[in-house]
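Asker: Structure file upload.cif (mmCIF, C-alpha atoms) right here:
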```
data_final
loop_
_atom_site.label_atom_id
_atom_site.label_comp_id
_atom_site.auth_asym_id
_atom_site.auth_seq_id
_atom_site.Cartn_x
_atom_site.Cartn_y
_atom_site.Cartn_z
CA MET A 37 60.88 290.28 -63.28
CA LYS A 38 59.37 287.05 -62.10
CA ASN A 39 56.20 287.45 -60.05
CA LYS A 40 57.02 286.25 -56.51
CA GLU A 41 53.68 287.17 -54.95
CA PRO A 42 52.24 283.61 -55.06
CA LEU A 43 55.40 282.32 -53.35
CA ILE A 44 55.20 284.99 -50.66
CA LEU A 45 51.51 284.23 -50.15
CA GLY A 46 52.27 280.51 -49.83
CA VAL A 47 54.96 281.16 -47.21
CA VAL A 48 52.63 283.40 -45.18
CA VAL A 49 49.80 280.85 -45.34
CA PHE A 50 52.14 278.00 -44.35
CA PHE A 51 53.51 279.71 -41.25
CA THR A 52 50.03 280.95 -40.28
CA LEU A 53 48.69 277.38 -40.36
CA VAL A 54 51.69 276.04 -38.43
CA THR A 55 51.25 278.72 -35.77
CA TYR A 56 47.52 277.97 -35.51
CA TYR A 57 48.19 274.25 -35.15
CA LEU A 58 50.73 274.77 -32.38
CA VAL A 59 48.47 277.18 -30.48
CA GLU A 60 45.13 275.37 -30.84
CA PRO A 61 44.91 271.68 -31.91
CA PHE A 62 48.36 270.58 -30.75
CA ALA A 63 48.20 272.50 -27.46
CA HIS A 64 44.69 271.22 -26.77
CA HIS A 65 45.79 267.65 -27.48
CA GLN A 66 48.72 268.00 -25.07
CA MET A 67 46.59 269.52 -22.31
CA HIS A 68 43.65 267.12 -22.60
CA LYS A 69 44.06 263.45 -23.28
CA HIS A 70 41.94 262.07 -26.09
CA VAL A 71 39.21 259.70 -24.96
CA GLU A 72 37.45 257.53 -27.49
CA SER A 73 33.67 257.31 -27.31
CA GLU A 74 32.22 254.04 -26.08
CA GLY A 75 29.20 254.56 -28.31
CA PHE A 76 26.90 254.87 -25.29
CA GLU A 77 26.77 251.07 -25.23
CA TYR A 78 27.53 250.74 -21.48
CA ALA A 79 29.34 247.49 -22.14
CA ASP A 80 30.12 246.94 -18.46
CA ILE A 81 26.41 246.63 -17.66
CA ALA A 82 24.69 243.28 -17.93
CA LYS A 83 22.40 242.63 -20.88
CA PHE A 84 18.90 244.00 -20.41
CA THR A 85 15.87 241.80 -21.07
CA PRO A 86 12.82 243.98 -21.81
CA THR A 87 9.34 243.06 -20.60
CA THR A 88 5.89 244.43 -21.36
CA ASN A 89 4.07 244.21 -18.02
CA VAL A 90 3.44 247.94 -17.77
CA ALA A 91 0.69 247.62 -15.16
CA HIS A 92 2.96 245.71 -12.79
CA GLY A 93 5.74 248.21 -13.47
CA LYS A 94 3.46 251.11 -12.55
CA GLU A 95 2.55 249.41 -9.30
CA LEU A 96 6.22 248.93 -8.43
CA VAL A 97 7.24 252.47 -9.41
CA THR A 98 4.44 254.18 -7.53
CA SER A 99 5.02 252.10 -4.40
CA ASN A 100 8.83 252.41 -4.39
CA CYS A 101 9.83 255.62 -6.19
CA THR A 102 7.25 258.32 -5.49
CA ALA A 103 8.44 258.82 -1.92
CA CYS A 104 11.30 260.81 -3.47
CA HIS A 105 10.45 261.37 -7.14
CA SER A 106 7.68 263.24 -8.88
CA ILE A 107 5.94 261.88 -11.97
CA ASN A 108 4.27 265.03 -13.25
CA VAL A 109 2.85 263.38 -16.35
CA GLU A 110 0.87 261.09 -14.02
CA ASN A 111 -0.12 263.97 -11.72
CA MET A 112 2.16 262.72 -8.94
CA PRO A 113 3.93 265.75 -7.41
CA ALA A 114 7.23 265.66 -5.58
CA PRO A 115 6.90 265.09 -1.82
CA MET A 116 9.28 268.01 -1.12
CA ASP A 117 10.34 271.16 -2.92
CA ALA A 118 13.68 271.14 -4.74
CA VAL A 119 15.61 273.05 -2.04
CA THR A 120 14.40 270.76 0.75
CA SER A 121 15.08 267.66 -1.37
CA ALA A 122 18.62 268.83 -2.10
CA ALA A 123 19.22 269.49 1.58
CA THR A 124 17.99 265.96 2.32
CA TYR A 125 19.62 263.99 -0.50
CA GLY A 126 22.36 266.29 -1.78
CA VAL A 127 20.57 266.85 -5.08
CA ASN A 128 16.94 267.09 -6.10
CA PRO A 129 15.70 263.66 -7.33
CA PRO A 130 14.57 263.96 -10.98
CA ASP A 131 11.02 263.90 -12.21
CA LEU A 132 10.46 260.50 -13.82
CA SER A 133 8.03 261.57 -16.52
CA ASN A 134 10.58 261.19 -19.32
CA ALA A 135 13.16 258.94 -17.68
CA GLY A 136 12.15 256.15 -20.06
CA VAL A 137 13.29 258.08 -23.12
CA VAL A 138 16.14 260.16 -21.70
CA TYR A 139 18.12 257.27 -20.24
CA ASP A 140 19.38 254.12 -21.89
CA ALA A 141 17.08 251.22 -20.89
CA LYS A 142 19.95 248.95 -19.86
CA TYR A 143 21.49 251.68 -17.74
CA LEU A 144 18.15 252.61 -16.19
CA ALA A 145 17.57 249.01 -15.07
CA ALA A 146 21.11 248.79 -13.67
CA PHE A 147 20.69 252.12 -11.87
CA ILE A 148 17.50 250.96 -10.18
CA ALA A 149 19.28 247.81 -9.01
CA ASN A 150 22.47 249.54 -7.80
CA PRO A 151 22.71 253.31 -8.41
CA ALA A 152 26.26 253.81 -7.11
CA LYS A 153 27.65 251.02 -9.26
CA ALA A 154 25.73 251.98 -12.41
CA ALA A 155 26.75 255.64 -12.06
CA ASN A 156 30.41 254.68 -11.48
CA VAL A 157 30.56 256.46 -8.11
CA SER A 158 31.12 253.45 -5.85
CA HIS A 159 34.35 255.13 -4.72
CA LYS A 160 32.27 257.98 -3.29
CA PHE A 161 29.73 255.91 -1.35
CA ASN A 162 30.09 253.06 1.10
CA ASP A 163 28.32 251.43 4.04
CA THR A 164 28.89 254.45 6.26
CA ARG A 165 27.91 256.88 3.52
CA PRO A 166 25.32 255.16 1.34
CA HIS A 167 24.09 256.51 -1.97
CA PRO A 168 21.04 258.74 -1.43
CA MET A 169 19.00 256.43 -3.65
CA PRO A 170 18.66 252.95 -2.16
CA SER A 171 19.56 249.87 -4.17
CA TYR A 172 16.70 247.68 -5.36
CA ASN A 173 18.88 244.70 -6.15
CA TRP A 174 16.60 242.61 -3.91
CA MET A 175 14.05 242.78 -6.72
CA GLN A 176 13.81 240.21 -9.47
CA ALA A 177 15.32 241.29 -12.79
CA SER A 178 11.88 240.91 -14.39
CA GLU A 179 10.37 243.30 -11.83
CA ILE A 180 12.97 245.97 -12.56
CA SER A 181 12.37 245.40 -16.26
CA ASP A 182 8.64 245.97 -15.69
CA MET A 183 9.48 249.29 -14.00
CA VAL A 184 11.54 250.33 -17.02
CA ALA A 185 8.68 249.30 -19.32
CA TYR A 186 6.29 251.52 -17.36
CA LEU A 187 8.68 254.49 -17.45
CA GLN A 188 9.06 254.04 -21.20
CA SER A 189 5.28 253.90 -21.65
CA ILE A 190 4.64 257.29 -20.00
CA ALA A 191 7.57 259.12 -21.63
CA VAL A 192 7.27 261.24 -24.75
CA LYS A 193 8.42 259.72 -28.02
CA ALA A 194 12.10 260.16 -28.78
CA LYS A 195 11.29 262.49 -31.69
CA ASP A 196 9.29 264.73 -29.33
CA LEU A 197 12.06 265.07 -26.76
CA THR A 198 13.34 268.62 -27.21
CA PRO A 199 16.97 269.66 -26.60
CA ALA A 200 15.85 271.71 -23.58
CA MET A 201 14.00 268.72 -22.10
CA ALA A 202 17.01 266.49 -22.67
CA TYR A 203 19.31 268.97 -20.92
CA GLU A 204 16.94 269.51 -18.01
CA ASN A 205 16.70 265.79 -17.30
CA ALA A 206 20.34 264.86 -17.92
CA CYS A 207 22.22 267.87 -16.55
CA GLY A 208 19.90 270.59 -15.28
CA ARG A 209 19.67 269.60 -11.60
CA CYS A 210 23.41 270.17 -11.10
CA HIS A 211 24.50 272.60 -13.81
CA ALA A 212 23.20 276.11 -14.38
CA VAL A 213 23.15 277.79 -17.81
CA HIS A 214 23.28 281.50 -17.07
CA TYR A 215 22.83 282.55 -20.70
CA GLU A 216 19.53 280.64 -20.82
CA LYS A 217 18.46 281.94 -17.38
CA TRP A 218 18.49 278.32 -16.27
CA THR A 219 19.18 277.60 -12.61
CA GLN A 220 19.20 274.23 -10.87
CA LEU A 221 15.63 275.07 -9.83
CA GLY A 222 14.51 275.69 -13.41
CA THR A 223 14.23 278.74 -15.63
CA LYS A 224 14.34 281.89 -13.52
CA PRO A 225 10.99 283.71 -13.84
CA ALA A 226 10.71 287.40 -14.66
CA PHE A 227 9.74 288.84 -11.29
CA LYS A 228 7.77 292.08 -11.02
CA HIS A 229 9.36 293.03 -7.72
CA GLU A 230 13.08 292.96 -7.00
CA LYS A 231 12.57 291.40 -3.58
CA ASP A 232 10.91 288.38 -5.21
CA GLY A 233 13.87 287.96 -7.51
CA LEU A 234 16.24 288.16 -4.54
CA ALA A 235 14.18 285.57 -2.65
CA TYR A 236 14.49 283.24 -5.66
CA ASP A 237 18.25 283.82 -5.82
CA ILE A 238 18.53 282.89 -2.14
CA LYS A 239 16.77 279.59 -2.84
CA VAL A 240 19.20 278.92 -5.68
CA MET A 241 22.16 279.62 -3.39
CA GLU A 242 20.74 277.29 -0.75
CA TYR A 243 20.38 274.59 -3.39
CA GLU A 244 23.93 275.21 -4.61
CA ASP A 245 25.23 274.87 -1.04
CA SER A 246 23.67 271.40 -0.89
CA ILE A 247 25.22 270.49 -4.25
CA LYS A 248 28.64 271.67 -3.03
CA ALA A 249 28.40 269.48 0.05
CA TYR A 250 27.23 266.52 -2.03
CA MET A 251 29.67 266.81 -4.94
CA GLY A 252 32.64 268.41 -3.21
CA LYS A 253 32.36 271.58 -5.27
CA LEU A 254 29.74 273.36 -7.33
CA PRO A 255 29.39 271.89 -10.85
CA PRO A 256 30.30 274.53 -13.45
CA ASP A 257 27.88 276.75 -15.33
CA LEU A 258 27.64 275.32 -18.85
CA SER A 259 26.73 278.49 -20.75
CA MET A 260 30.00 278.53 -22.72
CA TYR A 261 31.22 274.99 -22.14
CA ILE A 262 30.53 273.87 -25.70
CA ARG A 263 32.89 276.60 -26.90
CA SER A 264 35.58 276.35 -24.24
CA ARG A 265 35.72 272.56 -24.70
CA ASN A 266 34.17 270.79 -27.67
CA GLU A 267 31.38 268.37 -28.53
CA HIS A 268 33.58 265.26 -28.33
CA PHE A 269 34.94 266.15 -24.89
CA ILE A 270 31.49 266.84 -23.46
CA SER A 271 29.94 263.70 -24.95
CA THR A 272 32.68 261.39 -23.69
CA LEU A 273 32.69 263.12 -20.30
CA VAL A 274 28.96 262.56 -19.86
CA GLU A 275 29.28 259.02 -21.21
CA ASN A 276 31.85 258.07 -18.56
CA PRO A 277 33.34 260.86 -16.41
CA GLN A 278 35.93 258.49 -14.92
CA ASN A 279 37.64 258.19 -18.31
CA HIS A 280 38.49 261.89 -18.16
CA LEU A 281 38.69 262.55 -14.44
CA ALA A 282 39.47 259.46 -12.42
CA GLY A 283 37.91 259.72 -8.97
CA THR A 284 35.52 262.52 -9.91
CA ALA A 285 32.24 262.80 -8.03
CA MET A 286 30.37 263.42 -11.28
CA PRO A 287 28.18 260.39 -11.93
CA ARG A 288 27.79 258.56 -15.21
CA VAL A 289 24.44 259.94 -16.31
CA GLY A 290 23.39 257.02 -18.49
CA VAL A 291 21.73 258.90 -21.31
CA SER A 292 21.18 257.33 -24.70
CA ALA A 293 23.19 258.43 -27.74
CA GLU A 294 20.11 260.19 -29.14
CA THR A 295 19.58 262.11 -25.91
CA MET A 296 23.24 263.16 -25.84
CA GLU A 297 22.91 264.63 -29.33
CA LYS A 298 20.03 266.78 -28.08
CA VAL A 299 21.97 267.85 -25.00
CA ILE A 300 24.80 268.98 -27.27
CA GLU A 301 22.32 270.85 -29.47
CA HIS A 302 20.97 272.67 -26.42
CA LEU A 303 24.48 273.64 -25.30
CA GLU A 304 25.30 274.87 -28.81
CA ASP A 305 22.18 277.05 -28.79
CA ALA A 306 23.03 278.37 -25.33
CA GLY A 307 26.69 279.06 -26.09
CA ASP A 308 26.04 280.63 -29.48
CA ALA A 309 22.42 281.72 -29.74
CA LYS A 310 23.03 283.37 -33.14
CA ARG A 311 24.95 280.42 -34.63
CA HIS A 312 22.40 279.59 -37.35
CA GLU A 313 22.16 283.22 -38.39
CA ARG A 314 25.95 283.58 -38.23
CA GLU A 315 26.51 280.49 -40.37
CA ALA A 316 24.12 281.84 -43.00
CA VAL A 317 25.86 285.24 -43.00
CA GLY A 318 29.25 283.52 -43.11
CA LYS A 319 28.42 281.79 -46.40
CA ASN A 320 27.43 285.13 -47.95
CA VAL A 321 30.63 286.75 -46.67
CA MET A 322 32.76 283.99 -48.22
CA ILE A 323 30.97 284.41 -51.56
CA TYR A 324 31.62 288.16 -51.37
CA ILE A 325 35.32 287.62 -50.58
CA VAL A 326 35.75 285.25 -53.53
CA ILE A 327 34.07 287.70 -55.94
CA PHE A 328 36.06 290.61 -54.49
CA ALA A 329 39.32 288.64 -54.85
CA ILE A 330 38.59 287.92 -58.52
CA PHE A 331 37.92 291.59 -59.28
CA ALA A 332 40.97 292.65 -57.23
CA LEU A 333 43.18 290.25 -59.21
CA LEU A 334 41.82 291.52 -62.53
CA TRP A 335 42.27 295.12 -61.42
CA LYS A 336 45.84 294.40 -60.27
CA LYS A 337 46.72 292.85 -63.64
CA GLN A 338 45.23 295.84 -65.46
CA VAL A 339 47.21 298.35 -63.39
CA TRP A 340 50.52 296.49 -63.57
CA ARG A 341 50.21 295.33 -67.18
CA ASP A 342 52.42 298.10 -68.58
CA LEU A 343 54.94 298.03 -65.70
CA HIS A 344 56.21 294.44 -66.07
#
```
Take the structure in this file and express it as structure tokens.
Answerer:
Amino acid sequence: MKNKEPLILGVVVFFTLVTYYLVEPFAHHQMHKHVESEGFEYADIAKFTPTTNVAHGKELVTSNCTACHSINVENMPAPMDAVTSAATYGVNPPDLSNAGVVYDAKYLAAFIANPAKAANVSHKFNDTRPHPMPSYNWMQASEISDMVAYLQSIAVKAKDLTPAMAYENACGRCHAVHYEKWTQLGTKPAFKHEKDGLAYDIKVMEYEDSIKAYMGKLPPDLSMYIRSRNEHFISTLVENPQNHLAGTAMPRVGVSAETMEKVIEHLEDAGDAKRHEREAVGKNVMIYIVIFAIFALLWKKQVWRDLH
């Protein structure tokens, strides 16, 4: 009798793979259009000419930006707390300590000149509803370049920017990460008394109310986003939200490609905290299965040897 087990196995594997393809990759492709990455080149933004006049840039930044922004690395605190700032502007203006490394230099210069245009949210703001950050397009291009040079000079080196720092700067003022205990106000402390924890939660809700009014709805918690979507979707969404969701209120963040990689790493750690351990265990399990299959095949041949 001819052994038909390999044929049966092949048929089962074939239909299993077809079913998986129809349920996962094909269905996902039909539900979400594929958007190619633009390489974080920001090709629609004019070429950036760097300068090195850091001292002049510091003068310009401190005289024009610190009315709204903190620069903690330079011991310049925010003029208002995060909740009050969000109530005033719609969202808490970011600390500028690491803006020079988190954001692409060309984008950063364009954002200073015209934030609504650089962030691709001109459809959301107009003369009657101006962007909360004023445009500095009255400045000379060299002056804005000096500001960027100053911000780059005070930022940490790219290699020292951690995934958590990258996320906090790029996404953390709008998106919570419940699994990391991250709120839009920062990491939730461990309070000794329940009433203190409740008071903190009330501040978070007040901040979220301001975000809702500013964005139209509350940006989603990103704890599991890396698993419910995928790395490519998130990267291309951050790179240019309009490519995925035309008319969305989500701004183009303007991060560099290196920063985006660290944001993805942070989301992977948040969505699957045991992923490194699981991957290591997975390799051992696969080795065990292969060895077990070999012994099972040898045992099967031994048992059935005299019956064929």
Asker: Decode the PyMOL selection byres ((chain A and resi 295) around 10) for the given file into explicit residues and return them as number ranges by chain.
Answerer: A: 137-140, 194, 197-199, 201-203, 205-206, 290-294, 296-301
Asker: Keeping only C-alpha atoms, write those residues as a PDB file, keeping the file's coordinate frame.
Answerer:
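Everything below was put into again-v4.pdb:
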```
ATOM      1  CA  VAL A 137      13.290 258.080 -23.120  1.00  0.00           C
ATOM      2  CA  VAL A 138      16.140 260.160 -21.700  1.00  0.00           C
ATOM      3  CA  TYR A 139      18.120 257.270 -20.240  1.00  0.00           C
ATOM      4  CA  ASP A 140      19.380 254.120 -21.890  1.00  0.00           C
ATOM      5  CA  ALA A 194      12.100 260.160 -28.780  1.00  0.00           C
ATOM      6  CA  LEU A 197      12.060 265.070 -26.760  1.00  0.00           C
ATOM      7  CA  THR A 198      13.340 268.620 -27.210  1.00  0.00           C
ATOM      8  CA  PRO A 199      16.970 269.660 -26.600  1.00  0.00           C
ATOM      9  CA  MET A 201      14.000 268.720 -22.100  1.00  0.00           C
ATOM     10  CA  ALA A 202      17.010 266.490 -22.670  1.00  0.00           C
ATOM     11  CA  TYR A 203      19.310 268.970 -20.920  1.00  0.00           C
ATOM     12  CA  ASN A 205      16.700 265.790 -17.300  1.00  0.00           C
ATOM     13  CA  ALA A 206      20.340 264.860 -17.920  1.00  0.00           C
ATOM     14  CA  GLY A 290      23.390 257.020 -18.490  1.00  0.00           C
ATOM     15  CA  VAL A 291      21.730 258.900 -21.310  1.00  0.00           C
ATOM     16  CA  SER A 292      21.180 257.330 -24.700  1.00  0.00           C
ATOM     17  CA  ALA A 293      23.190 258.430 -27.740  1.00  0.00           C
ATOM     18  CA  GLU A 294      20.110 260.190 -29.140  1.00  0.00           C
ATOM     19  CA  MET A 296      23.240 263.160 -25.840  1.00  0.00           C
ATOM     20  CA  GLU A 297      22.910 264.630 -29.330  1.00  0.00           C
ATOM     21  CA  LYS A 298      20.030 266.780 -28.080  1.00  0.00           C
ATOM     22  CA  VAL A 299      21.970 267.850 -25.000  1.00  0.00           C
ATOM     23  CA  ILE A 300      24.800 268.980 -27.270  1.00  0.00           C
ATOM     24  CA  GLU A 301      22.320 270.850 -29.470  1.00  0.00           C
TER      25      GLU A 301
END
```
Asker: Using all atoms listed in the file, which of A:His211, A:Lys69, A:Lys83, A:Lys310 sits nearest A:Tyr261?
Answerer: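 Ranking A:His211, A:Lys69, A:Lys83, A:Lys310 by distance to A:Tyr261, first place goes to A:His211.
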Asker: When the PyMOL selection byres ((chain A and resi 118) around 8) is applied to the structure above, which residues does it catch, written out as a PDB file with C-alpha atoms, keeping the file's coordinate frame?
Answerer:
```
ATOM      1  CA  MET A 116       9.280 268.010  -1.120  1.00  0.00           C
ATOM      2  CA  ASP A 117      10.340 271.160  -2.920  1.00  0.00           C
ATOM      3  CA  VAL A 119      15.610 273.050  -2.040  1.00  0.00           C
ATOM      4  CA  THR A 120      14.400 270.760   0.750  1.00  0.00           C
ATOM      5  CA  SER A 121      15.080 267.660  -1.370  1.00  0.00           C
ATOM      6  CA  ALA A 122      18.620 268.830  -2.100  1.00  0.00           C
ATOM      7  CA  ASN A 128      16.940 267.090  -6.100  1.00  0.00           C
ATOM      8  CA  LEU A 221      15.630 275.070  -9.830  1.00  0.00           C
ATOM      9  CA  TYR A 243      20.380 274.590  -3.390  1.00  0.00           C
TER      10      TYR A 243
END
```
Asker: Between A:Trp335, A:Tyr78, A:Trp174, A:Tyr125, single out the one closest to A:Tyr250, counting all atoms listed in the file.
Answerer: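 Using all atoms listed in the file, the shortest distance to A:Tyr250 belongs to A:Tyr125.
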Asker: Given only C-alpha atoms as the basis, pick out the residue of A:Cys207, A:Val71, A:Met112, A:Ala79 nearest to A:Val127.
Answerer: A:Cys207
Asker: Once the PyMOL selection byres ((chain A and resi 274-283) around 8) has been applied to the shown file, what residues remain in the selection, as a list in words?
Answerer: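 When the PyMOL selection byres ((chain A and resi 274-283) around 8) is applied to the shown file, the picked residues are Lys69, Val71, Ser73, Glu74, Phe76, Asn156, His159, Ile270, Ser271, Thr272, Leu273, Thr284, Ala285, Met286, Pro287, Arg288, Val289, Gly290 and Val291 of chain A.
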Asker: Generate the output file for the selected residues, C-alpha atoms, as a short mmCIF file (atom, residue, chain, number, x, y, z; two decimals), in the coordinates of the input.
Answerer:
```cif
data_model
loop_
_atom_site.label_atom_id
_atom_site.label_comp_id
_atom_site.auth_asym_id
_atom_site.auth_seq_id
_atom_site.Cartn_x
_atom_site.Cartn_y
_atom_site.Cartn_z
CA LYS A 69 44.06 263.45 -23.28
CA VAL A 71 39.21 259.70 -24.96
CA SER A 73 33.67 257.31 -27.31
CA GLU A 74 32.22 254.04 -26.08
CA PHE A 76 26.90 254.87 -25.29
CA ASN A 156 30.41 254.68 -11.48
CA HIS A 159 34.35 255.13 -4.72
CA ILE A 270 31.49 266.84 -23.46
CA SER A 271 29.94 263.70 -24.95
CA THR A 272 32.68 261.39 -23.69
CA LEU A 273 32.69 263.12 -20.30
CA THR A 284 35.52 262.52 -9.91
CA ALA A 285 32.24 262.80 -8.03
CA MET A 286 30.37 263.42 -11.28
CA PRO A 287 28.18 260.39 -11.93
CA ARG A 288 27.79 258.56 -15.21
CA VAL A 289 24.44 259.94 -16.31
CA GLY A 290 23.39 257.02 -18.49
CA VAL A 291 21.73 258.90 -21.31
#
```
Asker: Interatomic distance between atom CA of A:Met322 and atom CA of A:Val59?
Answerer: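 Distance reported for this atom pair: 24.7 Å.
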Asker: One decimal, in Å: what's the spacing between atom CA of A:Gln220 and atom CA of A:Glu244?
Answerer: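 Answer for the atom CA of A:Gln220 to atom CA of A:Glu244 separation: 7.9 Å.
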Asker: Give me the residues within 12 Å of A:Asn89 as a ChimeraX atom specification, counting only C-alpha atoms and dropping any in the same chain fewer than 4 places off.
Answerer: /A:93-96,178-189
Asker: Work out how far atom CA of A:Pro129 is from atom CA of A:Lys153, in Å to one decimal.
Answerer: 17.5 Å
Asker: Between A:Ala332, A:Ala177, A:Ala114, A:Val157, which is the closest to A:Pro86 once you count all atoms listed in the file?
Answerer: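 Counting all atoms listed in the file, the residue closest to A:Pro86 is A:Ala177.
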Asker: Looking at all atoms listed in the file, which of A:Ala141, A:Gly252, A:Pro42, A:Ser99 is the one that sits closest to A:Thr87?
Answerer: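 With all atoms listed in the file as the atom set, the closest residue is A:Ala141.
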Asker: From the options A:Ala235, A:Ala226, A:Val109, A:Ala135, which residue's atoms come nearest to A:Glu204, counting only C-alpha atoms?
Answerer: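 Result for the nearest residue to A:Glu204: A:Ala135.
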Asker: Mind completing stretch 256-274 of chain A with N, CA and C atoms? Output as an mmCIF file, in the frame of the given file, please?
Answerer:
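Full text of selection08.cif as output:
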```
data_model
loop_
_atom_site.group_PDB
_atom_site.id
_atom_site.type_symbol
_atom_site.label_atom_id
_atom_site.label_comp_id
_atom_site.auth_asym_id
_atom_site.auth_seq_id
_atom_site.Cartn_x
_atom_site.Cartn_y
_atom_site.Cartn_z
ATOM 1 N N PRO A 256 30.166 273.274 -12.714
ATOM 2 C CA PRO A 256 30.300 274.530 -13.450
ATOM 3 C C PRO A 256 29.051 274.916 -14.235
ATOM 4 N N ASP A 257 28.901 276.225 -14.421
ATOM 5 C CA ASP A 257 27.880 276.750 -15.330
ATOM 6 C C ASP A 257 28.282 276.342 -16.743
ATOM 7 N N LEU A 258 27.317 275.860 -17.524
ATOM 8 C CA LEU A 258 27.640 275.320 -18.850
ATOM 9 C C LEU A 258 27.297 276.264 -20.001
ATOM 10 N N SER A 259 27.112 277.542 -19.704
ATOM 11 C CA SER A 259 26.730 278.490 -20.750
ATOM 12 C C SER A 259 27.687 278.473 -21.939
ATOM 13 N N MET A 260 28.999 278.456 -21.666
ATOM 14 C CA MET A 260 30.000 278.530 -22.720
ATOM 15 C C MET A 260 30.831 277.266 -22.834
ATOM 16 N N TYR A 261 30.397 276.193 -22.195
ATOM 17 C CA TYR A 261 31.220 274.990 -22.140
ATOM 18 C C TYR A 261 31.428 274.371 -23.510
ATOM 19 N N ILE A 262 30.429 274.463 -24.365
ATOM 20 C CA ILE A 262 30.530 273.870 -25.700
ATOM 21 C C ILE A 262 31.593 274.594 -26.519
ATOM 22 N N ARG A 263 31.895 275.829 -26.165
ATOM 23 C CA ARG A 263 32.890 276.600 -26.900
ATOM 24 C C ARG A 263 34.258 276.535 -26.234
ATOM 25 N N SER A 264 34.290 276.444 -24.914
ATOM 26 C CA SER A 264 35.580 276.350 -24.240
ATOM 27 C C SER A 264 36.151 274.938 -24.324
ATOM 28 N N ARG A 265 35.294 273.944 -24.476
ATOM 29 C CA ARG A 265 35.720 272.560 -24.700
ATOM 30 C C ARG A 265 35.398 272.204 -26.139
ATOM 31 N N ASN A 266 34.683 271.122 -26.346
ATOM 32 C CA ASN A 266 34.170 270.790 -27.670
ATOM 33 C C ASN A 266 33.156 269.668 -27.511
ATOM 34 N N GLU A 267 32.457 269.365 -28.589
ATOM 35 C CA GLU A 267 31.380 268.370 -28.530
ATOM 36 C C GLU A 267 31.905 267.002 -28.105
ATOM 37 N N HIS A 268 33.054 266.591 -28.645
ATOM 38 C CA HIS A 268 33.580 265.260 -28.330
ATOM 39 C C HIS A 268 33.927 265.156 -26.844
ATOM 40 N N PHE A 269 34.564 266.174 -26.305
ATOM 41 C CA PHE A 269 34.940 266.150 -24.890
ATOM 42 C C PHE A 269 33.705 266.038 -24.014
ATOM 43 N N ILE A 270 32.686 266.844 -24.291
ATOM 44 C CA ILE A 270 31.490 266.840 -23.460
ATOM 45 C C ILE A 270 30.768 265.503 -23.555
ATOM 46 N N SER A 271 30.644 264.976 -24.764
ATOM 47 C CA SER A 271 29.940 263.700 -24.950
ATOM 48 C C SER A 271 30.639 262.564 -24.208
ATOM 49 N N THR A 272 31.954 262.481 -24.350
ATOM 50 C CA THR A 272 32.680 261.390 -23.690
ATOM 51 C C THR A 272 32.753 261.597 -22.181
ATOM 52 N N LEU A 273 32.710 262.857 -21.736
ATOM 53 C CA LEU A 273 32.690 263.120 -20.300
ATOM 54 C C LEU A 273 31.365 262.656 -19.697
ATOM 55 N N VAL A 274 30.262 262.978 -20.350
ATOM 56 C CA VAL A 274 28.960 262.560 -19.860
ATOM 57 C C VAL A 274 28.828 261.036 -19.934
#
```
